[in-house]
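Colleague: upload.csv is reproduced in full below (CSV, C-alpha atoms).
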```csv
chain,number,residue,atom,x,y,z
C,200,MET,CA,-0.1,29.7,-0.8
C,201,PHE,CA,-1.6,26.5,-2.2
C,202,ILE,CA,-0.1,23.2,-1.1
C,203,GLU,CA,-1.1,20.2,-3.1
C,204,LYS,CA,-2.2,17.2,-1.2
C,205,GLN,CA,-0.1,14.1,-1.3
C,206,TYR,CA,-1.5,10.7,-2.1
C,207,TYR,CA,0.0,7.4,-1.5
C,208,VAL,CA,-0.1,4.1,-3.5
C,209,TYR,CA,0.8,1.3,-1.2
C,210,MET,CA,1.0,-2.5,-1.0
C,211,MET,CA,0.3,-4.6,2.0
C,212,THR,CA,0.8,-8.3,2.7
C,213,ASP,CA,0.1,-10.9,5.3
C,214,ALA,CA,2.8,-12.5,7.6
C,215,LYS,CA,3.5,-15.3,5.1
C,216,HIS,CA,3.7,-12.9,2.2
C,217,SER,CA,1.2,-15.0,0.4
C,218,THR,CA,-1.4,-12.3,-0.3
C,219,LEU,CA,-0.8,-8.8,-1.7
C,220,ASN,CA,-3.2,-5.9,-1.6
C,221,THR,CA,-2.7,-2.6,-3.4
C,222,GLY,CA,-4.5,0.6,-2.4
C,223,VAL,CA,-4.4,4.4,-2.6
C,224,SER,CA,-4.9,6.9,0.3
C,225,SER,CA,-4.4,10.6,1.1
C,226,ASN,CA,-3.6,9.6,4.7
C,227,LEU,CA,-1.5,6.5,4.6
C,228,LYS,CA,-0.8,6.3,8.4
C,229,VAL,CA,-4.5,6.3,9.2
C,230,ARG,CA,-5.4,3.9,6.4
C,231,VAL,CA,-2.9,1.3,7.4
C,232,TRP,CA,-4.0,1.7,11.0
C,233,GLN,CA,-7.5,0.9,9.9
C,234,HIS,CA,-6.2,-2.2,8.1
C,235,LYS,CA,-4.1,-3.3,11.1
C,236,GLY,CA,-7.0,-2.8,13.5
C,237,LYS,CA,-9.5,-4.6,11.2
C,238,PHE,CA,-11.9,-1.7,11.7
C,239,VAL,CA,-13.4,-2.0,8.2
C,240,GLU,CA,-14.9,-5.1,6.6
C,241,SER,CA,-12.5,-5.5,3.7
C,242,PHE,CA,-10.2,-7.8,1.8
C,243,THR,CA,-7.4,-7.0,4.2
C,244,LYS,CA,-9.5,-8.0,7.2
C,245,ARG,CA,-10.6,-11.2,5.6
C,246,TYR,CA,-7.1,-12.3,4.6
C,247,HIS,CA,-5.1,-10.8,7.6
C,248,VAL,CA,-3.2,-8.4,5.4
C,249,GLU,CA,-1.6,-6.1,8.0
C,250,MET,CA,1.9,-5.3,6.9
C,251,ARG,CA,2.7,-2.2,4.7
C,252,VAL,CA,5.7,-3.3,2.7
C,253,TYR,CA,5.7,-0.7,-0.2
C,254,TYR,CA,4.5,2.8,-0.9
C,255,GLU,CA,4.9,5.6,-3.4
C,256,VAL,CA,4.0,9.3,-3.1
C,257,SER,CA,2.0,11.2,-5.7
C,258,ASN,CA,1.0,14.8,-5.7
C,259,GLY,CA,-2.3,14.3,-7.4
C,260,VAL,CA,-5.2,11.9,-6.9
C,261,GLU,CA,-5.5,11.1,-10.6
C,262,GLY,CA,-1.9,10.1,-10.9
C,263,ALA,CA,-2.1,8.0,-7.7
C,264,ILE,CA,-5.2,6.2,-9.0
C,265,ALA,CA,-3.6,5.6,-12.4
C,266,ARG,CA,-0.5,4.2,-10.7
C,267,GLU,CA,-2.6,1.9,-8.4
C,268,LYS,CA,-4.4,0.5,-11.5
C,269,GLN,CA,-1.1,0.0,-13.2
C,270,ILE,CA,0.3,-1.9,-10.3
C,271,LYS,CA,-2.9,-4.0,-9.9
C,272,ALA,CA,-2.8,-4.9,-13.6
C,273,GLY,CA,0.8,-6.2,-13.3
C,274,SER,CA,1.7,-9.7,-12.4
C,275,ARG,CA,2.4,-10.9,-8.9
C,276,GLN,CA,6.1,-11.0,-9.9
C,277,ASP,CA,6.0,-7.3,-10.9
C,278,LYS,CA,4.6,-6.5,-7.5
C,279,ILE,CA,7.3,-8.6,-5.7
C,280,ASP,CA,10.0,-6.8,-7.8
C,281,LEU,CA,8.7,-3.4,-6.7
C,282,ILE,CA,8.7,-4.5,-3.0
C,283,ASN,CA,12.1,-6.1,-3.2
C,284,LYS,CA,13.6,-2.9,-4.8
C,285,MET,CA,12.3,-0.7,-2.0
C,286,ASN,CA,12.1,-3.1,0.9
C,287,PRO,CA,14.2,-6.3,0.3
C,288,GLU,CA,13.6,-7.5,3.9
C,289,TRP,CA,9.8,-7.0,3.5
C,290,ARG,CA,9.7,-5.1,6.8
C,291,ASP,CA,6.5,-3.5,7.9
C,292,LEU,CA,6.9,0.2,7.0
C,293,TYR,CA,4.0,1.4,9.1
C,294,GLU,CA,6.2,3.6,11.3
C,295,GLU,CA,8.1,5.2,8.5
C,296,LEU,CA,5.7,8.0,7.7
```
Re-express the file's structure as structure tokens.
Modeller:
Amino acid sequence: MFIEKQYYVYMMTDAKHSTLNTGVSSNLKVRVWQHKGKFVESFTKRYHVEMRVYYEVSNGVEGAIAREKQIKAGSRQDKIDLINKMNPEWRDLYEEL
């Protein structure tokens, strides 16, 4: 039996919600843990982006990457609208997976 791997497109923000970062991962819990722990030199470490406020599930890496690019190409308001639709309180969704 073949089980297709799931991929996640996610958005993270800082405590003031002034910075948004969009990414893709096959292991969302570990990837967000890496961001929160600042274990990797990255945009999220530099700008203290530690709260996962949005995510989508995709069954294929190509679809996840395409969706990530689509979100990144959108305006800040488009990103805010996606977050508000899923997570109007902008809670950290880290524990939800």
Colleague: Counting only C-alpha atoms, which residue out of C:Lys228, C:His247, C:Arg266, C:Lys237 sits closest to Val208 of chain C?
Modeller: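 Between C:Lys228, C:His247, C:Arg266, C:Lys237, the residue approaching Val208 of chain C most closely is C:Arg266.
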Colleague: Can you pull out every residue within 9 Å of Ser224 of chain C, counting all atoms listed in the file, but drop anything in the same chain fewer than 4 positions away, and send it as JSON, numbers by chain?
Modeller: {"C": [205, 206, 207, 208, 209, 229, 230, 260, 263]}
Colleague: Do a neighbour search on Leu227 of chain C at 12 Å with all atoms listed in the file, toss out local chain neighbours closer than 3 positions, and write the hits as a VMD selection string.
Modeller: chain C and resid 205 to 211 222 to 224 230 to 234 251 253 to 257 292 to 296
Colleague: Tell me, counting only C-alpha atoms, for each residue of segment 201-274 of chain C within 8 Å of segment 278-281 of chain C, which pair of atoms is nearest and how far apart they are in Å to one decimal, in rows ordered by chain and increasing number, as a tab-separated table.
Modeller:
```
residue	atom	partner	partner_atom	distance
C:Tyr253	CA	C:Leu281	CA	7.7
C:Ile270	CA	C:Lys278	CA	6.9
C:Gly273	CA	C:Lys278	CA	6.9
C:Ser274	CA	C:Lys278	CA	6.5
```
Colleague: How many Å separate atom CA of Asp277 of chain C from atom CA of Leu219 of chain C?
Modeller: 11.5 Å
Colleague: Of the candidates C:Trp289, C:Gly259, C:Ile282, C:Thr212, which shows the shortest atom-to-atom distance to Lys244 of chain C, using only C-alpha atoms?
Modeller: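 Of all the options, C:Thr212 lies closest to Lys244 of chain C.
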